[in-house]
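Text of work00.pdb (PDB, C-alpha atoms, pLDDT in the B column) as supplied:
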```pdb
ATOM      1  CA  MET N 133       0.000   0.000   0.000  1.00 50.00           C
ATOM      2  CA  ALA N 134       1.363   3.390  -0.995  1.00 59.00           C
ATOM      3  CA  PHE N 135       1.361   6.217   1.543  1.00 71.00           C
ATOM      4  CA  ALA N 136       1.303   9.909   0.666  1.00 86.00           C
ATOM      5  CA  ARG N 137       4.394  11.835   1.680  1.00 90.00           C
ATOM      6  CA  GLN N 138       4.286  14.896   3.883  1.00 93.00           C
ATOM      7  CA  ARG N 139       7.296  17.207   3.667  1.00 94.00           C
ATOM      8  CA  LEU N 140       8.561  18.247   7.085  1.00 93.00           C
ATOM      9  CA  THR N 141      11.328  20.659   6.051  1.00 92.00           C
ATOM     10  CA  SER N 142      11.631  23.332   3.391  1.00 90.00           C
ATOM     11  CA  SER N 143      15.415  23.717   3.640  1.00 91.00           C
ATOM     12  CA  PRO N 144      17.938  20.836   3.442  1.00 93.00           C
ATOM     13  CA  VAL N 145      18.880  18.719   6.447  1.00 94.00           C
ATOM     14  CA  VAL N 146      22.485  17.486   6.659  1.00 95.00           C
ATOM     15  CA  GLY N 147      23.421  13.972   7.703  1.00 96.00           C
ATOM     16  CA  LYS N 148      25.932  11.125   7.431  1.00 95.00           C
ATOM     17  CA  VAL N 149      25.268   7.925   5.503  1.00 96.00           C
ATOM     18  CA  VAL N 150      25.606   5.083   8.017  1.00 96.00           C
ATOM     19  CA  GLU N 151      24.532   2.225   5.735  1.00 96.00           C
ATOM     20  CA  TRP N 152      23.942   1.625   2.026  1.00 96.00           C
ATOM     21  CA  LYS N 153      22.506  -1.593   0.510  1.00 94.00           C
ATOM     22  CA  LYS N 154      22.585  -1.148  -3.289  1.00 90.00           C
ATOM     23  CA  THR N 155      19.057   0.309  -3.580  1.00 94.00           C
ATOM     24  CA  HIS N 156      18.489   1.972  -0.198  1.00 95.00           C
ATOM     25  CA  GLY N 157      20.180   3.001   2.993  1.00 96.00           C
ATOM     26  CA  TRP N 158      20.074   4.959   6.241  1.00 97.00           C
ATOM     27  CA  ILE N 159      21.203   8.451   7.204  1.00 97.00           C
ATOM     28  CA  GLU N 160      22.134   9.762  10.643  1.00 96.00           C
ATOM     29  CA  PRO N 161      21.052  13.423  10.821  1.00 95.00           C
ATOM     30  CA  GLU N 162      23.573  15.950  12.148  1.00 91.00           C
ATOM     31  CA  CYS N 163      20.882  18.044  13.817  1.00 88.00           C
ATOM     32  CA  SER N 164      18.283  17.108  16.391  1.00 89.00           C
ATOM     33  CA  ILE N 165      14.940  16.170  14.804  1.00 91.00           C
ATOM     34  CA  GLU N 166      11.898  16.667  16.995  1.00 88.00           C
ATOM     35  CA  HIS N 167       9.344  14.181  15.715  1.00 90.00           C
ATOM     36  CA  PRO N 168       7.568  11.198  17.332  1.00 88.00           C
ATOM     37  CA  ASP N 169       8.790   8.835  14.578  1.00 87.00           C
ATOM     38  CA  ILE N 170      12.493   9.675  14.963  1.00 88.00           C
ATOM     39  CA  GLY N 171      12.946   6.752  17.372  1.00 85.00           C
ATOM     40  CA  LYS N 172      11.561   4.119  15.001  1.00 86.00           C
ATOM     41  CA  HIS N 173      14.895   3.212  13.417  1.00 85.00           C
ATOM     42  CA  GLN N 174      17.480   4.176  16.039  1.00 88.00           C
ATOM     43  CA  GLY N 175      17.216   7.802  14.980  1.00 90.00           C
ATOM     44  CA  HIS N 176      18.163   7.034  11.365  1.00 95.00           C
ATOM     45  CA  ILE N 177      16.423   8.367   8.246  1.00 96.00           C
ATOM     46  CA  PHE N 178      15.518   6.047   5.354  1.00 96.00           C
ATOM     47  CA  VAL N 179      16.691   6.920   1.825  1.00 97.00           C
ATOM     48  CA  HIS N 180      15.857   5.111  -1.427  1.00 96.00           C
ATOM     49  CA  GLY N 181      17.798   5.176  -4.682  1.00 95.00           C
ATOM     50  CA  GLU N 182      14.890   6.887  -6.448  1.00 95.00           C
ATOM     51  CA  ASP N 183      15.219   9.854  -4.073  1.00 96.00           C
ATOM     52  CA  ILE N 184      18.911  10.476  -4.765  1.00 95.00           C
ATOM     53  CA  VAL N 185      19.945  13.270  -7.135  1.00 94.00           C
ATOM     54  CA  PRO N 186      20.742  11.998  -9.731  1.00 91.00           C
ATOM     55  CA  LYS N 187      18.482   8.954  -9.293  1.00 92.00           C
ATOM     56  CA  TRP N 188      20.001   5.608  -8.362  1.00 87.00           C
ATOM     57  CA  ARG N 189      23.444   7.051  -7.773  1.00 87.00           C
ATOM     58  CA  GLY N 190      24.836   4.912  -4.963  1.00 88.00           C
ATOM     59  CA  LEU N 191      25.857   6.453  -1.661  1.00 92.00           C
ATOM     60  CA  VAL N 192      28.943   5.586   0.372  1.00 91.00           C
ATOM     61  CA  ALA N 193      28.788   4.858   4.092  1.00 93.00           C
ATOM     62  CA  GLY N 194      30.579   7.635   5.957  1.00 91.00           C
ATOM     63  CA  SER N 195      29.852  10.320   3.345  1.00 92.00           C
ATOM     64  CA  MET N 196      27.808  13.441   4.033  1.00 94.00           C
ATOM     65  CA  VAL N 197      24.513  14.252   2.298  1.00 95.00           C
ATOM     66  CA  GLU N 198      21.808  16.893   2.400  1.00 96.00           C
ATOM     67  CA  PHE N 199      18.119  16.118   1.923  1.00 96.00           C
ATOM     68  CA  ILE N 200      14.517  17.184   2.433  1.00 96.00           C
ATOM     69  CA  LEU N 201      12.842  15.331   5.301  1.00 97.00           C
ATOM     70  CA  TYR N 202       9.450  13.704   4.707  1.00 95.00           C
ATOM     71  CA  LEU N 203       6.985  11.536   6.602  1.00 93.00           C
ATOM     72  CA  ASP N 204       4.923   8.654   5.211  1.00 91.00           C
ATOM     73  CA  GLY N 205       3.237   5.565   6.632  1.00 85.00           C
ATOM     74  CA  HIS N 206       6.592   3.856   7.215  1.00 86.00           C
ATOM     75  CA  GLY N 207       8.275   6.690   9.114  1.00 90.00           C
ATOM     76  CA  LEU N 208      10.784   9.408   8.285  1.00 95.00           C
ATOM     77  CA  GLY N 209      12.556   9.483   4.921  1.00 95.00           C
ATOM     78  CA  ALA N 210      14.911  11.578   2.808  1.00 97.00           C
ATOM     79  CA  GLU N 211      14.092  12.917  -0.660  1.00 96.00           C
ATOM     80  CA  GLU N 212      16.036  15.172  -3.033  1.00 96.00           C
ATOM     81  CA  CYS N 213      19.105  13.632  -1.410  1.00 97.00           C
ATOM     82  CA  ILE N 214      22.377  15.109  -2.680  1.00 95.00           C
ATOM     83  CA  ALA N 215      25.829  13.761  -1.833  1.00 94.00           C
ATOM     84  CA  ARG N 216      28.061  16.527  -0.524  1.00 95.00           C
ATOM     85  CA  LYS N 217      31.579  16.971  -1.900  1.00 94.00           C
ATOM     86  CA  VAL N 218      34.659  16.834   0.314  1.00 94.00           C
ATOM     87  CA  LEU N 219      38.178  18.197   0.422  1.00 95.00           C
ATOM     88  CA  ARG N 220      40.633  17.473   3.235  1.00 95.00           C
ATOM     89  CA  VAL N 221      42.950  20.251   4.424  1.00 96.00           C
ATOM     90  CA  THR N 222      45.791  20.143   6.938  1.00 96.00           C
ATOM     91  CA  LEU N 223      46.492  23.237   9.016  1.00 96.00           C
ATOM     92  CA  ALA N 224      49.410  23.901  11.305  1.00 94.00           C
ATOM     93  CA  TRP N 225      48.361  24.055  14.949  1.00 92.00           C
ATOM     94  CA  LYS N 226      49.074  27.779  15.245  1.00 93.00           C
ATOM     95  CA  HIS N 227      47.116  28.648  12.109  1.00 94.00           C
ATOM     96  CA  ALA N 228      44.167  26.461  13.180  1.00 94.00           C
ATOM     97  CA  GLN N 229      44.054  28.110  16.606  1.00 94.00           C
ATOM     98  CA  GLU N 230      44.203  31.582  15.064  1.00 94.00           C
ATOM     99  CA  LEU N 231      41.170  30.701  12.934  1.00 95.00           C
ATOM    100  CA  PHE N 232      39.086  28.665  15.366  1.00 96.00           C
ATOM    101  CA  GLY N 233      40.345  29.520  18.860  1.00 95.00           C
ATOM    102  CA  GLU N 234      42.488  27.626  21.333  1.00 91.00           C
ATOM    103  CA  THR N 235      39.933  24.837  21.781  1.00 91.00           C
ATOM    104  CA  GLY N 236      38.023  25.137  18.501  1.00 92.00           C
ATOM    105  CA  GLU N 237      35.252  27.224  20.038  1.00 96.00           C
ATOM    106  CA  LYS N 238      34.838  29.279  16.845  1.00 96.00           C
ATOM    107  CA  LEU N 239      34.467  26.288  14.516  1.00 96.00           C
ATOM    108  CA  ALA N 240      30.667  25.950  14.737  1.00 94.00           C
ATOM    109  CA  ASP N 241      30.128  29.609  13.804  1.00 96.00           C
ATOM    110  CA  PHE N 242      32.547  29.218  10.891  1.00 97.00           C
ATOM    111  CA  GLU N 243      30.628  26.155   9.628  1.00 94.00           C
ATOM    112  CA  ALA N 244      27.336  28.050   9.754  1.00 92.00           C
ATOM    113  CA  LYS N 245      28.812  31.073   7.973  1.00 96.00           C
ATOM    114  CA  MET N 246      30.346  29.001   5.156  1.00 96.00           C
ATOM    115  CA  GLN N 247      27.388  26.551   4.950  1.00 93.00           C
ATOM    116  CA  VAL N 248      29.577  23.460   5.182  1.00 95.00           C
ATOM    117  CA  SER N 249      30.079  20.561   7.590  1.00 93.00           C
ATOM    118  CA  ILE N 250      33.580  20.238   9.032  1.00 94.00           C
ATOM    119  CA  ARG N 251      35.131  17.277  10.817  1.00 92.00           C
ATOM    120  CA  ALA N 252      38.338  18.080  12.692  1.00 91.00           C
ATOM    121  CA  TYR N 253      40.850  15.338  13.528  1.00 89.00           C
ATOM    122  CA  GLN N 254      43.687  15.367  16.042  1.00 86.00           C
ATOM    123  CA  TRP N 255      46.005  12.382  16.381  1.00 79.00           C
ATOM    124  CA  CYS N 256      46.968  10.967  19.769  1.00 70.00           C
ATOM    125  CA  GLN N 257      49.372   8.344  21.056  1.00 62.00           C
ATOM    126  CA  MET N 258      48.057   5.047  22.442  1.00 62.00           C
ATOM    127  CA  ASP N 259      48.326   6.467  25.982  1.00 63.00           C
ATOM    128  CA  GLY N 260      46.183   9.478  25.058  1.00 64.00           C
ATOM    129  CA  SER N 261      49.044  11.982  24.851  1.00 63.00           C
ATOM    130  CA  SER N 262      49.424  14.287  21.833  1.00 69.00           C
ATOM    131  CA  SER N 263      51.173  12.904  18.763  1.00 71.00           C
ATOM    132  CA  ASP N 264      54.154  14.567  17.138  1.00 74.00           C
ATOM    133  CA  LEU N 265      52.221  15.428  13.949  1.00 81.00           C
ATOM    134  CA  PRO N 266      52.516  19.211  13.437  1.00 86.00           C
ATOM    135  CA  PHE N 267      49.051  19.645  11.942  1.00 91.00           C
ATOM    136  CA  LEU N 268      45.328  19.041  12.311  1.00 93.00           C
ATOM    137  CA  LEU N 269      43.122  17.539   9.612  1.00 94.00           C
ATOM    138  CA  PHE N 270      39.895  19.251   8.564  1.00 96.00           C
ATOM    139  CA  GLU N 271      37.381  17.474   6.339  1.00 94.00           C
ATOM    140  CA  ILE N 272      35.166  20.011   4.584  1.00 96.00           C
ATOM    141  CA  TRP N 273      31.840  18.693   3.270  1.00 95.00           C
ATOM    142  CA  GLY N 274      29.388  20.758   1.243  1.00 94.00           C
ATOM    143  CA  ARG N 275      28.294  21.876  -2.191  1.00 93.00           C
ATOM    144  CA  PRO N 276      31.270  22.547  -4.505  1.00 94.00           C
ATOM    145  CA  GLN N 277      31.115  26.349  -4.342  1.00 96.00           C
ATOM    146  CA  ALA N 278      30.839  26.332  -0.543  1.00 96.00           C
ATOM    147  CA  VAL N 279      33.781  23.903  -0.210  1.00 97.00           C
ATOM    148  CA  VAL N 280      35.932  26.059  -2.506  1.00 97.00           C
ATOM    149  CA  GLU N 281      35.103  29.252  -0.596  1.00 97.00           C
ATOM    150  CA  THR N 282      35.909  27.507   2.696  1.00 97.00           C
ATOM    151  CA  VAL N 283      39.310  26.245   1.527  1.00 97.00           C
ATOM    152  CA  ASP N 284      40.006  29.743   0.184  1.00 96.00           C
ATOM    153  CA  ALA N 285      39.303  31.153   3.652  1.00 96.00           C
ATOM    154  CA  LEU N 286      41.658  28.611   5.279  1.00 97.00           C
ATOM    155  CA  ALA N 287      44.555  29.095   2.843  1.00 96.00           C
ATOM    156  CA  ILE N 288      47.759  30.896   3.739  1.00 93.00           C
ATOM    157  CA  ARG N 289      48.119  34.288   2.046  1.00 89.00           C
ATOM    158  CA  ARG N 290      51.487  35.269   0.633  1.00 79.00           C
ATOM    159  CA  GLU N 291      52.195  38.611  -1.009  1.00 70.00           C
ATOM    160  CA  GLU N 292      54.367  37.946  -4.050  1.00 60.00           C
ATOM    161  CA  ALA N 293      54.188  41.450  -5.463  1.00 55.00           C
ATOM    162  CA  LYS N 294      52.237  44.676  -5.063  1.00 56.00           C
ATOM    163  CA  ASP N 295      48.490  44.034  -5.293  1.00 61.00           C
ATOM    164  CA  GLU N 296      49.136  40.337  -5.974  1.00 71.00           C
ATOM    165  CA  GLU N 297      48.382  37.658  -3.417  1.00 83.00           C
ATOM    166  CA  THR N 298      49.240  33.986  -3.691  1.00 92.00           C
ATOM    167  CA  LEU N 299      47.166  31.437  -1.808  1.00 94.00           C
ATOM    168  CA  CYS N 300      48.730  28.211  -0.556  1.00 95.00           C
ATOM    169  CA  VAL N 301      47.081  25.169   0.987  1.00 97.00           C
ATOM    170  CA  ASN N 302      48.031  21.590   1.852  1.00 97.00           C
ATOM    171  CA  LEU N 303      45.345  19.104   0.822  1.00 96.00           C
ATOM    172  CA  LEU N 304      45.235  15.421   1.737  1.00 95.00           C
ATOM    173  CA  LEU N 305      44.367  12.977  -1.031  1.00 93.00           C
ATOM    174  CA  PRO N 306      43.419   9.364  -0.246  1.00 91.00           C
ATOM    175  CA  GLU N 307      45.932   6.988  -1.794  1.00 92.00           C
ATOM    176  CA  SER N 308      43.043   5.006  -3.298  1.00 89.00           C
ATOM    177  CA  ARG N 309      41.883   8.035  -5.324  1.00 88.00           C
ATOM    178  CA  LEU N 310      45.218   9.370  -6.596  1.00 89.00           C
ATOM    179  CA  TRP N 311      44.694   7.632  -9.922  1.00 89.00           C
ATOM    180  CA  LYS N 312      41.773   9.990 -10.553  1.00 90.00           C
ATOM    181  CA  VAL N 313      43.865  13.153 -10.205  1.00 92.00           C
ATOM    182  CA  ASP N 314      44.705  14.847 -13.511  1.00 93.00           C
ATOM    183  CA  LEU N 315      47.914  16.632 -12.526  1.00 91.00           C
ATOM    184  CA  PHE N 316      48.340  18.151 -15.981  1.00 92.00           C
ATOM    185  CA  GLN N 317      44.965  19.875 -15.725  1.00 93.00           C
ATOM    186  CA  LEU N 318      45.642  21.188 -12.218  1.00 93.00           C
ATOM    187  CA  GLN N 319      49.128  22.477 -13.111  1.00 94.00           C
ATOM    188  CA  GLN N 320      47.535  24.883 -15.563  1.00 94.00           C
ATOM    189  CA  TYR N 321      46.281  26.934 -12.632  1.00 94.00           C
ATOM    190  CA  GLY N 322      49.445  27.228 -10.551  1.00 92.00           C
ATOM    191  CA  GLY N 323      52.100  25.439  -8.546  1.00 93.00           C
ATOM    192  CA  LEU N 324      51.351  21.852  -7.615  1.00 93.00           C
ATOM    193  CA  GLU N 325      53.306  19.248  -5.677  1.00 94.00           C
ATOM    194  CA  VAL N 326      52.343  15.766  -4.476  1.00 94.00           C
ATOM    195  CA  SER N 327      54.343  14.258  -1.604  1.00 95.00           C
ATOM    196  CA  SER N 328      56.508  11.278  -2.525  1.00 93.00           C
ATOM    197  CA  SER N 329      55.534   9.401   0.648  1.00 94.00           C
ATOM    198  CA  ILE N 330      52.388   8.744   2.681  1.00 94.00           C
ATOM    199  CA  THR N 331      51.549  11.648   5.022  1.00 92.00           C
ATOM    200  CA  ILE N 332      49.093   9.787   7.266  1.00 90.00           C
ATOM    201  CA  THR N 333      47.891   6.183   7.477  1.00 88.00           C
ATOM    202  CA  ASP N 334      44.868   6.707   9.769  1.00 80.00           C
ATOM    203  CA  PRO N 335      41.922   6.901   9.098  1.00 78.00           C
ATOM    204  CA  MET N 336      43.157   6.107   5.559  1.00 85.00           C
ATOM    205  CA  PRO N 337      46.521   6.336   3.714  1.00 93.00           C
ATOM    206  CA  CYS N 338      46.826   9.825   2.227  1.00 93.00           C
ATOM    207  CA  ARG N 339      49.430  11.921   0.440  1.00 95.00           C
ATOM    208  CA  THR N 340      49.777  15.686   0.600  1.00 96.00           C
ATOM    209  CA  LEU N 341      48.956  17.791  -2.436  1.00 96.00           C
ATOM    210  CA  THR N 342      50.290  21.340  -2.045  1.00 96.00           C
ATOM    211  CA  LEU N 343      48.497  23.902  -4.198  1.00 96.00           C
ATOM    212  CA  GLN N 344      49.786  27.433  -4.695  1.00 95.00           C
ATOM    213  CA  ALA N 345      48.157  29.931  -7.059  1.00 94.00           C
ATOM    214  CA  MET N 346      46.658  33.384  -7.328  1.00 92.00           C
ATOM    215  CA  GLN N 347      42.937  33.957  -7.372  1.00 84.00           C
ATOM    216  CA  PRO N 348      40.864  33.132  -9.350  1.00 86.00           C
ATOM    217  CA  ASN N 349      43.216  30.342 -10.483  1.00 95.00           C
ATOM    218  CA  PHE N 350      43.307  28.991  -6.934  1.00 95.00           C
ATOM    219  CA  ARG N 351      39.553  28.521  -6.894  1.00 96.00           C
ATOM    220  CA  SER N 352      39.495  27.120 -10.419  1.00 96.00           C
ATOM    221  CA  ALA N 353      42.031  24.475  -9.399  1.00 96.00           C
ATOM    222  CA  LEU N 354      39.916  23.519  -6.385  1.00 96.00           C
ATOM    223  CA  HIS N 355      36.784  23.195  -8.524  1.00 96.00           C
ATOM    224  CA  ALA N 356      38.713  20.931 -10.920  1.00 95.00           C
ATOM    225  CA  LEU N 357      40.019  18.820  -8.034  1.00 95.00           C
ATOM    226  CA  ILE N 358      36.533  18.413  -6.558  1.00 95.00           C
ATOM    227  CA  ALA N 359      35.231  17.245  -9.942  1.00 92.00           C
ATOM    228  CA  GLN N 360      37.990  14.615 -10.000  1.00 92.00           C
ATOM    229  CA  VAL N 361      38.096  13.253  -6.448  1.00 88.00           C
ATOM    230  CA  GLY N 362      35.678  15.128  -4.215  1.00 75.00           C
ATOM    231  CA  THR N 363      33.082  12.409  -3.601  1.00 75.00           C
ATOM    232  CA  SER N 364      34.455  10.583  -0.551  1.00 74.00           C
TER     233      SER N 364
END
```

What does the file become when written as structure tokens?
Amino acid sequence: MAFARQRLTSSPVVGKVVEWKKTHGWIEPECSIEHPDIGKHQGHIFVHGEDIVPKWRGLVAGSMVEFILYLDGHGLGAEECIARKVLRVTLAWKHAQELFGETGEKLADFEAKMQVSIRAYQWCQMDGSSSDLPFLLFEIWGRPQAVVETVDALAIRREEAKDEETLCVNLLLPESRLWKVDLFQLQQYGGLEVSSSITITDPMPCRTLTLQAMQPNFRSALHALIAQVGTS
């Protein structure tokens, strides 16, 4: 029996895909959802392949999505579900604290301003003490334009000449996706260097891609990179 859908939100809700089974899956919302049916499936939202944009495009567990929340006879579901893009940036401790405060207290306001979701990672030793890695990792999830504007805001500014500013950023690329990177295309926009060795092994092996260019070339390079590897 088919049940009519009732839309519960007019603006997108953001969540993380926790499970995908070829034709359907479940999303864990990032925000609190006040509805009697939210407890039906451990707080998870159902999504079907027909409700993904574009239709039947598979989702990956762990990726971020945005969607319109609806209610039908089975419970809460997601429609107009769009997979968010991601870029991973490393920032030196000092630079990260200048941007987000000593304990990251400014990060939530920055996310809201840029309309992205950010996951920050700090590595620790087995005993809980700080590691010797000189940087923090920030995963930036959102629509392409929002991700590009966010990375632009995080980049180091260097004045090369009067009225000219070069932007520089260190991006982390998963080793499993390096084959998708078109270095020739990216080098058309500015300086580019990929580390010869693995930068981190946890949560996945990644190399560092250092990008240095002037605007708008900097942003153009980021848009090209997102098109190549920005899906997970």

Specify as a ChimeraX atom specification each residue included when the PyMOL selection byres ((chain N and resi 296-313) around 9) is applied to this file.
/N:219-223,269,283-284,286-295,314-318,330-332,336-347,350,357,360-361

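The space separating atom CA of Asp169 of chain N from atom CA of Val145 of chain N comes to 16.3 Å.
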
Atom CA of Asp334 of chain N to atom CA of His176 of chain N, straight-line distance in Å:
26.8 Å

May I have the residues within 10 Å of His167 of chain N as an NGL selection string, using only C-alpha atoms and disregarding those fewer than 4 positions away in the same chain?
:N and (140 or 171 or 203 or 208)

How many Å lie between atom CA of Met196 of chain N and atom CA of Val218 of chain N, rounded to one decimal?
8.5 Å

Find, counting all atoms listed in the file, the residue in N:Ile214, N:Ala278, N:Cys256, N:Val326 that gets nearest to Ala244 of chain N.
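The shortest atom-to-atom distance to Ala244 of chain N comes from N:Ala278.
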
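Residue selection for this entry, given the PyMOL selection byres ((chain N and resi 137) around 8), comprises N:Phe135, N:Ala136, N:Gln138, N:Arg139, N:Tyr202, N:Leu203, N:Asp204.
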
Ground truth for the PyMOL selection byres ((chain N and resi 245-255) around 7), written as a ChimeraX atom specification
/N:241-244,256,262-263,268-274,278-279,282

Can you work out which one of N:Ala210, N:Leu231, N:Leu191, N:Ala359 has the shortest atom-to-atom distance to Lys153 of chain N, counting all atoms listed in the file?
N:Leu191

Residue with smallest distance to Asp183 of chain N - pool N:Ser142, N:Thr155, N:Ser195, N:Ser164, counting only C-alpha atoms
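For Asp183 of chain N, the nearest of the candidates is N:Thr155.
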
So, counting only C-alpha atoms, which residue among N:Phe267, N:Thr333, N:Leu354, N:His156 is closest to Trp225 of chain N?
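Once distances to Trp225 of chain N are computed over only C-alpha atoms, the minimum belongs to N:Phe267.
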
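If you measure from each of N:Gln277, N:Thr235, N:Ser143, N:Gln174 to Ile358 of chain N using all atoms listed in the file, the closest one turns out to be N:Gln277.
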
Nearest residue to Trp158 of chain N from the set N:Val146, N:Leu201, N:Val179, N:Ile170 (distances using all atoms listed in the file)
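Nearest candidate to Trp158 of chain N out of N:Val146, N:Leu201, N:Val179, N:Ile170: N:Val179.
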
Can you tell me which residues surround Cys213 of chain N at a distance of at most 7 Å, considering only C-alpha atoms, apart from same-chain residues fewer than 5 positions away, and format the answer as a ChimeraX atom specification?
/N:183-185,197-200

Pick out the residues sitting within 9 Å of Gly175 of chain N, and hand them over as a ChimeraX atom specification; count only C-alpha atoms, and ignore anything fewer than 6 positions along from it in its own chain.
/N:159-161,165,169

With 3 Å of padding per side, what axis-aligned box (centre and edge lengths, Å, one decimal) covers all the listed atoms of segment 177-194 of chain N? Give it as JSON.
```
{"center_x": 22.7, "center_y": 9.1, "center_z": -0.7, "size_x": 21.7, "size_y": 14.4, "size_z": 24.0}
```
